[in-house]
Number of protein chains: 2
Amino acid sequence: MSILTAAADVLRCFSSTRHDVTVTDLVTLLGMPKSNASRLLRAMRDEGLLETVGDSKRYRPALLLAQVGQLYRFAASLIDRADAVVGRVSDEIGHTGYISVRRGTEIIGVTAHPGRHALRVVTAIGDRIPAFASSTGRALLARLSDAEVRALYPEGFTAPSETAPRSMDDLLARLAETRRNGFAESHDEAVRGVRAISVGLGDPTTGDEVALCISFPAATVEPGERLSIIRSLAEGAAEIAALTQDKRFFPLNLTSSETAP
Amino acid sequence: MSILTAAADVLRCFSSTRHDVTVTDLVTLLGMPKSNASRLLRAMRDEGLLETVGDSKRYRPALLLAQVGQLYRFAASLIDRADAVVGRVSDEIGHTGYISVRRGTEIIGVTAHPGRHALRVVTAIGDRIPAFASSTGRALLARLSDAEVRALYPEGFTAPSETAPRSMDDLLARLAETRRNGFAESHDEAVRGVRAISVGLGDPTTGDEVALCISFPAATVEPGERLSIIRSLAEGAAEIAALTQDKRFFPLNLTSSETAP
DNA sequence: ACTTAAGTTCCATTTTTTGGAACTTTTTTG
DNA sequence: CAAAAAAGTTCCAAAAAATGGAACTTAAGT
């Protein structure tokens, strides 16, 4: 067994509740002889993978790992990662998935994964739709404060469809619901007969924000399937949010959303 | 030579301009036989240190490193606390804030808070800049004695910009000023048109030292706003310094610094 | 389809790693 | 403050892994 395995195991010992390790910690956690633990920690420090805390016998990850780890974020940009999640969910359930960004009061599709079903929702990348009247838009608007949302619409807006928000108060109520539930939903808004589930997500370091969305024909999707779409999407988004340390992410709260239409 | 050395060398190949590597890259960069390069990359992937990009032959840092690297930022509670202060100040005034550490004669960004202003300073986490030619660097160098600073630069240095220190004597004079004022300032040094205010801070228990910095476009910031940035930053830093019993902390002394350019 | 470049596998040799035990240092405690 | 216990380090020969050159396979360019 290569020493790389042991080194990787050491890295896996670190967690939010264990910021540093000692020789004895490794003996306990990994069951290795303490002679090995001692040498391994020293070797990893000598190579710049770990550093000692002060001049104690405690070891913690070193700057090198912070730097390389940081690159991971850019190697896989927020859009890339969000796209991977949407692609996976879309593949699983066969419905169209896409991700969008907000520019002012408009939502713009960035990537799309067409579904496999005969009756499928087709979205054009680059198309602009009003933010307040779409699930993707509301998923992103929900990340703003009510005051910021009001500021975006100084003149108010006109609902383009029956099920779209009718007024600013209506919109704010639906954003509150979105925050509570951890996802936004639309029905017959942009396209009649189409339902969409969206989750908003951001990377505070770069300031990017995207919405992940799965869109499907309302008629053919059972309540159970809808729930599983919501779960898959929210779960994938939550993983990314944890990575980017997105503090404005709203986690899934299914108890309140079970009551949705 | 342990394979750990090679693995660490591979990690050091990554940078903000090289997000992934191939077998040939390693052969070129590290001068190793390609048989080794091939096996090493595969081994590192198998251990979860690297991952392949798509199904290509390109390797990039894996999630594990992102996670462990993330921990580094808060393993040192000093960084955690300093980050909180910079985050608060950055939020208040809308300009970019970040914290950095010194490794030898280089300064490395550890965390960043992008500003809200349209014209904002963007700093890449993990990038290295020379210590003597930045406000963060001088805030940290000011914590050393003149003799220690001289020892760091046995061969002297070359000023990379007009406003950077021109000589060792120049640098030492500016460090003395930094100690007197309680903060360091730069103008047009790393980036033209950018001004930065930095305060150094340490934790004698762990030996960690960090610089808190707020960076902003010189043109858009009034003298009064500059003073209020200095005050906020110095105040937050002073609180932490009191907590860690940092004896090398230089408190704010605005009477002397009012005369700064 | 051919040529070249890139990557992988093979193998005997060299080097590192392993784990138990003895040893040293640090911490705890009576 | 000294003895005891715990934690950490060093030593050694056996076992395992790494090395690098060459042959081989796969992918890319013409």
# chains A, B, ... in the order shown; residues from 1 in each chain; ligands from 1
$ calpha_fit_rmsd --fixed "chain A" --moving "chain B"
17.4 Å
$ select_by_dssp --residues "range 26-92 of chain B" --states "strand (DSSP E or B)" --output "ChimeraX atom specification"
/B:50-52,59-61
$ closest_atom_pairs --of "chain D" --to "chain B" --cutoff "8 Å" --atoms "only C-alpha atoms (C1' of nucleotides)" --output "JSON lines"
{"residue": "D:DA18", "atom": "C1'", "partner": "B:Ile3", "partner_atom": "CA", "distance": 7.5}
{"residue": "D:DT19", "atom": "C1'", "partner": "B:Asn36", "partner_atom": "CA", "distance": 7.6}
{"residue": "D:DG20", "atom": "C1'", "partner": "B:Pro33", "partner_atom": "CA", "distance": 6.6}
$ residues_around --residues "DA22 in chain C" --least-positions-apart "2" --cutoff "12 Å" --atoms "only C-alpha atoms (C1' of nucleotides)" --output "PyMOL selection string"
(chain C and resi 20+24) or (chain D and resi 9-12)
$ write_last_selection --atoms "N, CA, C and O atoms (P, O5', C5', C4', C3', O3' and C1' of nucleotides)" --output "PDB file, in the first residue's frame"
ATOM      1  P    DG C  20       2.977  -4.696  14.815  1.00  0.00           P
ATOM      2  O5'  DG C  20       3.940  -5.124  16.021  1.00  0.00           O
ATOM      3  C5'  DG C  20       4.866  -6.194  15.825  1.00  0.00           C
ATOM      4  C4'  DG C  20       6.189  -5.838  16.468  1.00  0.00           C
ATOM      5  C3'  DG C  20       6.090  -5.433  17.944  1.00  0.00           C
ATOM      6  O3'  DG C  20       6.796  -6.395  18.725  1.00  0.00           O
ATOM      7  C1'  DG C  20       7.510  -3.964  16.707  1.00  0.00           C
ATOM      8  P    DT C  24      17.323   7.271  25.551  1.00  0.00           P
ATOM      9  O5'  DT C  24      16.273   8.408  25.175  1.00  0.00           O
ATOM     10  C5'  DT C  24      16.291   8.988  23.866  1.00  0.00           C
ATOM     11  C4'  DT C  24      15.202  10.042  23.783  1.00  0.00           C
ATOM     12  C3'  DT C  24      15.250  11.095  24.882  1.00  0.00           C
ATOM     13  O3'  DT C  24      15.184  12.361  24.267  1.00  0.00           O
ATOM     14  C1'  DT C  24      13.091  10.146  24.755  1.00  0.00           C
TER      15       DT C  24
ATOM     16  P    DT D   9       6.919  13.318  17.161  1.00  0.00           P
ATOM     17  O5'  DT D   9       8.224  12.426  17.366  1.00  0.00           O
ATOM     18  C5'  DT D   9       9.235  12.885  18.261  1.00  0.00           C
ATOM     19  C4'  DT D   9      10.377  11.892  18.291  1.00  0.00           C
ATOM     20  C3'  DT D   9      10.948  11.542  16.913  1.00  0.00           C
ATOM     21  O3'  DT D   9      12.330  11.853  16.949  1.00  0.00           O
ATOM     22  C1'  DT D   9      10.536   9.576  18.182  1.00  0.00           C
ATOM     23  P    DT D  10      13.236  11.682  15.647  1.00  0.00           P
ATOM     24  O5'  DT D  10      13.922  10.254  15.854  1.00  0.00           O
ATOM     25  C5'  DT D  10      14.734  10.037  17.004  1.00  0.00           C
ATOM     26  C4'  DT D  10      15.211   8.602  17.033  1.00  0.00           C
ATOM     27  C3'  DT D  10      15.850   8.108  15.725  1.00  0.00           C
ATOM     28  O3'  DT D  10      17.111   7.549  16.057  1.00  0.00           O
ATOM     29  C1'  DT D  10      14.206   6.567  16.482  1.00  0.00           C
ATOM     30  P    DC D  11      18.129   7.046  14.904  1.00  0.00           P
ATOM     31  O5'  DC D  11      17.995   5.461  14.997  1.00  0.00           O
ATOM     32  C5'  DC D  11      18.122   4.800  16.268  1.00  0.00           C
ATOM     33  C4'  DC D  11      17.864   3.306  16.126  1.00  0.00           C
ATOM     34  C3'  DC D  11      18.394   2.691  14.831  1.00  0.00           C
ATOM     35  O3'  DC D  11      19.257   1.604  15.119  1.00  0.00           O
ATOM     36  C1'  DC D  11      16.121   2.069  15.209  1.00  0.00           C
ATOM     37  P    DC D  12      20.259   1.051  13.977  1.00  0.00           P
ATOM     38  O5'  DC D  12      19.530  -0.269  13.443  1.00  0.00           O
ATOM     39  C5'  DC D  12      19.245  -1.338  14.359  1.00  0.00           C
ATOM     40  C4'  DC D  12      18.215  -2.259  13.752  1.00  0.00           C
ATOM     41  C3'  DC D  12      18.519  -2.710  12.324  1.00  0.00           C
ATOM     42  O3'  DC D  12      19.015  -4.054  12.333  1.00  0.00           O
ATOM     43  C1'  DC D  12      16.211  -2.122  12.614  1.00  0.00           C
TER      44       DC D  12
END
$ select_by_dssp --residues "range 67-96 of chain A" --states "helix (DSSP H, G or I)" --output "PDB file with N, CA, C and O atoms, in the first residue's frame"
ATOM      1  N   GLN A  67      -4.504  26.608  -1.212  1.00  0.00           N
ATOM      2  CA  GLN A  67      -4.337  27.192  -2.542  1.00  0.00           C
ATOM      3  C   GLN A  67      -4.853  26.266  -3.628  1.00  0.00           C
ATOM      4  O   GLN A  67      -5.598  26.673  -4.511  1.00  0.00           O
ATOM      5  N   VAL A  68      -4.435  25.009  -3.544  1.00  0.00           N
ATOM      6  CA  VAL A  68      -4.845  24.052  -4.565  1.00  0.00           C
ATOM      7  C   VAL A  68      -6.355  23.827  -4.493  1.00  0.00           C
ATOM      8  O   VAL A  68      -7.030  23.747  -5.514  1.00  0.00           O
ATOM      9  N   GLY A  69      -6.864  23.750  -3.281  1.00  0.00           N
ATOM     10  CA  GLY A  69      -8.306  23.564  -3.114  1.00  0.00           C
ATOM     11  C   GLY A  69      -9.086  24.718  -3.717  1.00  0.00           C
ATOM     12  O   GLY A  69     -10.139  24.530  -4.317  1.00  0.00           O
ATOM     13  N   GLN A  70      -8.524  25.898  -3.558  1.00  0.00           N
ATOM     14  CA  GLN A  70      -9.168  27.086  -4.116  1.00  0.00           C
ATOM     15  C   GLN A  70      -9.309  26.952  -5.626  1.00  0.00           C
ATOM     16  O   GLN A  70     -10.318  27.344  -6.199  1.00  0.00           O
ATOM     17  N   LEU A  71      -8.287  26.365  -6.251  1.00  0.00           N
ATOM     18  CA  LEU A  71      -8.309  26.229  -7.710  1.00  0.00           C
ATOM     19  C   LEU A  71      -9.449  25.337  -8.154  1.00  0.00           C
ATOM     20  O   LEU A  71     -10.002  25.518  -9.223  1.00  0.00           O
ATOM     21  N   TYR A  72      -9.754  24.366  -7.327  1.00  0.00           N
ATOM     22  CA  TYR A  72     -10.846  23.457  -7.669  1.00  0.00           C
ATOM     23  C   TYR A  72     -12.088  24.258  -8.026  1.00  0.00           C
ATOM     24  O   TYR A  72     -12.809  23.935  -8.943  1.00  0.00           O
ATOM     25  N   ARG A  73     -12.276  25.310  -7.236  1.00  0.00           N
ATOM     26  CA  ARG A  73     -13.453  26.156  -7.421  1.00  0.00           C
ATOM     27  C   ARG A  73     -13.478  26.763  -8.809  1.00  0.00           C
ATOM     28  O   ARG A  73     -14.520  26.859  -9.443  1.00  0.00           O
ATOM     29  N   PHE A  74     -12.315  27.197  -9.288  1.00  0.00           N
ATOM     30  CA  PHE A  74     -12.283  27.850 -10.591  1.00  0.00           C
ATOM     31  C   PHE A  74     -12.181  26.839 -11.712  1.00  0.00           C
ATOM     32  O   PHE A  74     -12.666  27.075 -12.808  1.00  0.00           O
ATOM     33  N   ALA A  75     -11.495  25.712 -11.410  1.00  0.00           N
ATOM     34  CA  ALA A  75     -11.391  24.660 -12.412  1.00  0.00           C
ATOM     35  C   ALA A  75     -12.797  24.246 -12.805  1.00  0.00           C
ATOM     36  O   ALA A  75     -13.113  24.065 -13.965  1.00  0.00           O
ATOM     37  N   LEU A  78     -18.854  27.733 -11.057  1.00  0.00           N
ATOM     38  CA  LEU A  78     -20.200  27.523 -10.510  1.00  0.00           C
ATOM     39  C   LEU A  78     -21.140  27.014 -11.589  1.00  0.00           C
ATOM     40  O   LEU A  78     -21.916  26.087 -11.383  1.00  0.00           O
ATOM     41  N   ILE A  79     -21.031  27.622 -12.764  1.00  0.00           N
ATOM     42  CA  ILE A  79     -21.919  27.221 -13.863  1.00  0.00           C
ATOM     43  C   ILE A  79     -21.650  25.772 -14.263  1.00  0.00           C
ATOM     44  O   ILE A  79     -22.577  24.982 -14.428  1.00  0.00           O
ATOM     45  N   ASP A  80     -20.363  25.423 -14.366  1.00  0.00           N
ATOM     46  CA  ASP A  80     -20.016  24.044 -14.708  1.00  0.00           C
ATOM     47  C   ASP A  80     -20.629  23.056 -13.732  1.00  0.00           C
ATOM     48  O   ASP A  80     -21.206  22.045 -14.112  1.00  0.00           O
ATOM     49  N   ARG A  81     -20.443  23.369 -12.472  1.00  0.00           N
ATOM     50  CA  ARG A  81     -20.917  22.424 -11.471  1.00  0.00           C
ATOM     51  C   ARG A  81     -22.428  22.353 -11.424  1.00  0.00           C
ATOM     52  O   ARG A  81     -23.018  21.273 -11.315  1.00  0.00           O
ATOM     53  N   ALA A  82     -23.064  23.529 -11.507  1.00  0.00           N
ATOM     54  CA  ALA A  82     -24.518  23.545 -11.507  1.00  0.00           C
ATOM     55  C   ALA A  82     -25.024  22.775 -12.724  1.00  0.00           C
ATOM     56  O   ALA A  82     -25.984  22.005 -12.637  1.00  0.00           O
ATOM     57  N   ASP A  83     -24.348  22.969 -13.844  1.00  0.00           N
ATOM     58  CA  ASP A  83     -24.745  22.291 -15.060  1.00  0.00           C
ATOM     59  C   ASP A  83     -24.622  20.774 -14.907  1.00  0.00           C
ATOM     60  O   ASP A  83     -25.475  20.020 -15.382  1.00  0.00           O
ATOM     61  N   ALA A  84     -23.561  20.342 -14.233  1.00  0.00           N
ATOM     62  CA  ALA A  84     -23.376  18.908 -14.028  1.00  0.00           C
ATOM     63  C   ALA A  84     -24.539  18.333 -13.223  1.00  0.00           C
ATOM     64  O   ALA A  84     -25.060  17.258 -13.535  1.00  0.00           O
ATOM     65  N   VAL A  85     -24.956  19.065 -12.185  1.00  0.00           N
ATOM     66  CA  VAL A  85     -26.070  18.587 -11.355  1.00  0.00           C
ATOM     67  C   VAL A  85     -27.347  18.517 -12.179  1.00  0.00           C
ATOM     68  O   VAL A  85     -28.057  17.506 -12.175  1.00  0.00           O
ATOM     69  N   VAL A  86     -27.637  19.591 -12.890  1.00  0.00           N
ATOM     70  CA  VAL A  86     -28.869  19.620 -13.683  1.00  0.00           C
ATOM     71  C   VAL A  86     -28.833  18.526 -14.749  1.00  0.00           C
ATOM     72  O   VAL A  86     -29.830  17.842 -14.979  1.00  0.00           O
ATOM     73  N   GLY A  87     -27.677  18.347 -15.358  1.00  0.00           N
ATOM     74  CA  GLY A  87     -27.546  17.304 -16.367  1.00  0.00           C
ATOM     75  C   GLY A  87     -27.836  15.933 -15.793  1.00  0.00           C
ATOM     76  O   GLY A  87     -28.536  15.124 -16.400  1.00  0.00           O
ATOM     77  N   ARG A  88     -27.337  15.702 -14.602  1.00  0.00           N
ATOM     78  CA  ARG A  88     -27.541  14.397 -13.975  1.00  0.00           C
ATOM     79  C   ARG A  88     -29.021  14.173 -13.667  1.00  0.00           C
ATOM     80  O   ARG A  88     -29.593  13.133 -14.002  1.00  0.00           O
ATOM     81  N   VAL A  89     -29.626  15.196 -13.052  1.00  0.00           N
ATOM     82  CA  VAL A  89     -31.045  15.067 -12.711  1.00  0.00           C
ATOM     83  C   VAL A  89     -31.880  14.914 -13.982  1.00  0.00           C
ATOM     84  O   VAL A  89     -32.799  14.096 -14.045  1.00  0.00           O
ATOM     85  N   SER A  90     -31.546  15.701 -14.990  1.00  0.00           N
ATOM     86  CA  SER A  90     -32.291  15.635 -16.239  1.00  0.00           C
ATOM     87  C   SER A  90     -32.187  14.242 -16.850  1.00  0.00           C
ATOM     88  O   SER A  90     -33.177  13.677 -17.324  1.00  0.00           O
ATOM     89  N   ASP A  91     -30.984  13.676 -16.820  1.00  0.00           N
ATOM     90  CA  ASP A  91     -30.785  12.324 -17.347  1.00  0.00           C
ATOM     91  C   ASP A  91     -31.627  11.313 -16.583  1.00  0.00           C
ATOM     92  O   ASP A  91     -32.259  10.441 -17.162  1.00  0.00           O
ATOM     93  N   GLU A  92     -31.588  11.452 -15.269  1.00  0.00           N
ATOM     94  CA  GLU A  92     -32.303  10.508 -14.407  1.00  0.00           C
ATOM     95  C   GLU A  92     -33.792  10.458 -14.721  1.00  0.00           C
ATOM     96  O   GLU A  92     -34.383   9.397 -14.864  1.00  0.00           O
ATOM     97  N   ILE A  93     -34.400  11.642 -14.796  1.00  0.00           N
ATOM     98  CA  ILE A  93     -35.858  11.680 -14.885  1.00  0.00           C
ATOM     99  C   ILE A  93     -36.356  11.925 -16.301  1.00  0.00           C
ATOM    100  O   ILE A  93     -37.540  11.778 -16.577  1.00  0.00           O
TER     101      ILE A  93
END
$ residues_around --residues "DA14 in chain D" --least-positions-apart "4" --cutoff "12 Å" --atoms "only C-alpha atoms (C1' of nucleotides)" --output "MDAnalysis selection string"
chainID C and resid 17:20
$ closest_atom_pairs --of "chain A" --to "chain B" --cutoff "7 Å" --atoms "only C-alpha atoms" --output "tab-separated table"
residue	atom	partner	partner_atom	distance
A:Leu4	CA	B:Leu4	CA	6.6
A:Thr5	CA	B:Glu47	CA	5.8
A:Ala8	CA	B:Glu47	CA	6.2
A:Leu11	CA	B:Val68	CA	6.7
A:Phe14	CA	B:Val68	CA	6.7
A:Ser16	CA	B:Leu71	CA	6.8
A:His19	CA	B:Ala75	CA	5.0
A:Glu47	CA	B:Thr5	CA	5.8
A:Leu49	CA	B:Ala8	CA	6.9
A:Val53	CA	B:Thr206	CA	5.7
A:Gly54	CA	B:Thr206	CA	3.9
A:Pro61	CA	B:Tyr72	CA	5.6
A:Ala62	CA	B:Tyr72	CA	6.6
A:Leu63	CA	B:Tyr72	CA	6.9
A:Leu65	CA	B:Gly69	CA	4.8
A:Ala66	CA	B:Gly69	CA	3.6
A:Gln67	CA	B:Gly126	CA	4.9
A:Val68	CA	B:Pro61	CA	6.6
A:Gly69	CA	B:Ala66	CA	3.6
A:Gln70	CA	B:Ala66	CA	6.2
A:Leu71	CA	B:His19	CA	6.5
A:Tyr72	CA	B:Pro61	CA	5.7
A:Ala75	CA	B:His19	CA	5.5
A:Thr205	CA	B:His113	CA	6.5
$ closest_atom_pairs --of "chain C" --to "chain B" --cutoff "9 Å" --atoms "only C-alpha atoms (C1' of nucleotides)" --output "CSV"
residue,atom,partner,partner_atom,distance
C:DA6,C1',B:Thr24,CA,7.5
C:DG7,C1',B:Ser38,CA,7.2
C:DT8,C1',B:Ser38,CA,7.3
C:DT9,C1',B:Ser35,CA,8.8
C:DT15,C1',B:Met1,CA,8.0
C:DT16,C1',B:Ser2,CA,6.7
$ write_last_selection --atoms "N, CA and C atoms (P, O5', C5', C4', C3', O3' and C1' of nucleotides)" --output "mmCIF file, in the first residue's frame"
data_model
loop_
_atom_site.group_PDB
_atom_site.id
_atom_site.type_symbol
_atom_site.label_atom_id
_atom_site.label_comp_id
_atom_site.auth_asym_id
_atom_site.auth_seq_id
_atom_site.Cartn_x
_atom_site.Cartn_y
_atom_site.Cartn_z
ATOM 1 P P DA C 6 3.248 15.469 -27.509
ATOM 2 O "O5'" DA C 6 2.328 14.353 -26.840
ATOM 3 C "C5'" DA C 6 0.926 14.366 -27.116
ATOM 4 C "C4'" DA C 6 0.263 13.247 -26.349
ATOM 5 C "C3'" DA C 6 0.681 13.188 -24.875
ATOM 6 O "O3'" DA C 6 -0.486 13.159 -24.095
ATOM 7 C "C1'" DA C 6 0.954 11.071 -25.921
ATOM 8 P P DG C 7 -0.392 13.064 -22.529
ATOM 9 O "O5'" DG C 7 -0.544 11.499 -22.301
ATOM 10 C "C5'" DG C 7 -1.740 10.853 -22.739
ATOM 11 C "C4'" DG C 7 -1.600 9.377 -22.522
ATOM 12 C "C3'" DG C 7 -1.272 8.965 -21.075
ATOM 13 O "O3'" DG C 7 -2.306 8.119 -20.624
ATOM 14 C "C1'" DG C 7 0.083 7.817 -22.621
ATOM 15 P P DT C 8 -2.208 7.493 -19.158
ATOM 16 O "O5'" DT C 8 -1.693 6.014 -19.445
ATOM 17 C "C5'" DT C 8 -2.416 5.193 -20.356
ATOM 18 C "C4'" DT C 8 -1.749 3.843 -20.470
ATOM 19 C "C3'" DT C 8 -1.498 3.136 -19.142
ATOM 20 O "O3'" DT C 8 -2.127 1.871 -19.216
ATOM 21 C "C1'" DT C 8 0.450 3.112 -20.497
ATOM 22 P P DT C 9 -2.135 0.906 -17.961
ATOM 23 O "O5'" DT C 9 -0.940 -0.096 -18.275
ATOM 24 C "C5'" DT C 9 -0.990 -0.862 -19.471
ATOM 25 C "C4'" DT C 9 0.273 -1.699 -19.592
ATOM 26 C "C3'" DT C 9 0.633 -2.524 -18.349
ATOM 27 O "O3'" DT C 9 0.834 -3.863 -18.772
ATOM 28 C "C1'" DT C 9 2.506 -1.274 -19.107
ATOM 29 P P DT C 15 19.502 3.404 -4.815
ATOM 30 O "O5'" DT C 15 18.116 3.710 -4.090
ATOM 31 C "C5'" DT C 15 17.058 4.304 -4.836
ATOM 32 C "C4'" DT C 15 15.796 4.255 -4.008
ATOM 33 C "C3'" DT C 15 15.975 4.747 -2.574
ATOM 34 O "O3'" DT C 15 15.183 5.898 -2.414
ATOM 35 C "C1'" DT C 15 14.716 2.719 -2.660
ATOM 36 P P DT C 16 15.020 6.609 -0.976
ATOM 37 O "O5'" DT C 16 13.629 5.972 -0.532
ATOM 38 C "C5'" DT C 16 12.483 6.211 -1.325
ATOM 39 C "C4'" DT C 16 11.332 5.392 -0.784
ATOM 40 C "C3'" DT C 16 10.870 5.833 0.608
ATOM 41 O "O3'" DT C 16 9.464 5.989 0.537
ATOM 42 C "C1'" DT C 16 11.224 3.494 0.557
#
$ decode --residues "chain D" --atoms "C-alpha atoms (C1' of nucleotides)" --output "mmCIF file, in the first residue's frame"
data_model
loop_
_atom_site.group_PDB
_atom_site.id
_atom_site.type_symbol
_atom_site.label_atom_id
_atom_site.label_comp_id
_atom_site.auth_asym_id
_atom_site.auth_seq_id
_atom_site.Cartn_x
_atom_site.Cartn_y
_atom_site.Cartn_z
ATOM 1 C "C1'" DC D 1 8.726 17.876 43.038
ATOM 2 C "C1'" DA D 2 9.325 13.373 41.644
ATOM 3 C "C1'" DA D 3 7.252 9.197 39.959
ATOM 4 C "C1'" DA D 4 4.154 7.316 36.667
ATOM 5 C "C1'" DA D 5 1.810 7.486 32.550
ATOM 6 C "C1'" DA D 6 1.120 9.055 28.118
ATOM 7 C "C1'" DA D 7 2.726 10.783 23.843
ATOM 8 C "C1'" DG D 8 6.085 10.988 20.509
ATOM 9 C "C1'" DT D 9 10.536 9.576 18.182
ATOM 10 C "C1'" DT D 10 14.206 6.567 16.482
ATOM 11 C "C1'" DC D 11 16.121 2.069 15.209
ATOM 12 C "C1'" DC D 12 16.211 -2.122 12.614
ATOM 13 C "C1'" DA D 13 15.713 -5.961 9.161
ATOM 14 C "C1'" DA D 14 11.854 -7.716 6.325
ATOM 15 C "C1'" DA D 15 8.445 -6.536 3.010
ATOM 16 C "C1'" DA D 16 6.579 -3.586 -0.273
ATOM 17 C "C1'" DA D 17 6.623 0.110 -3.424
ATOM 18 C "C1'" DA D 18 9.017 3.284 -6.646
ATOM 19 C "C1'" DT D 19 12.172 3.824 -10.442
ATOM 20 C "C1'" DG D 20 13.445 4.480 -15.315
ATOM 21 C "C1'" DG D 21 14.352 2.568 -19.729
ATOM 22 C "C1'" DA D 22 12.108 0.179 -23.426
ATOM 23 C "C1'" DA D 23 8.325 -1.934 -25.603
ATOM 24 C "C1'" DC D 24 3.712 -1.325 -26.385
ATOM 25 C "C1'" DT D 25 -1.029 0.897 -27.081
ATOM 26 C "C1'" DT D 26 -3.894 4.681 -27.986
ATOM 27 C "C1'" DA D 27 -5.029 9.182 -29.786
ATOM 28 C "C1'" DA D 28 -4.138 13.164 -32.889
ATOM 29 C "C1'" DG D 29 -2.651 15.399 -36.934
ATOM 30 C "C1'" DT D 30 -1.741 15.329 -42.042
#
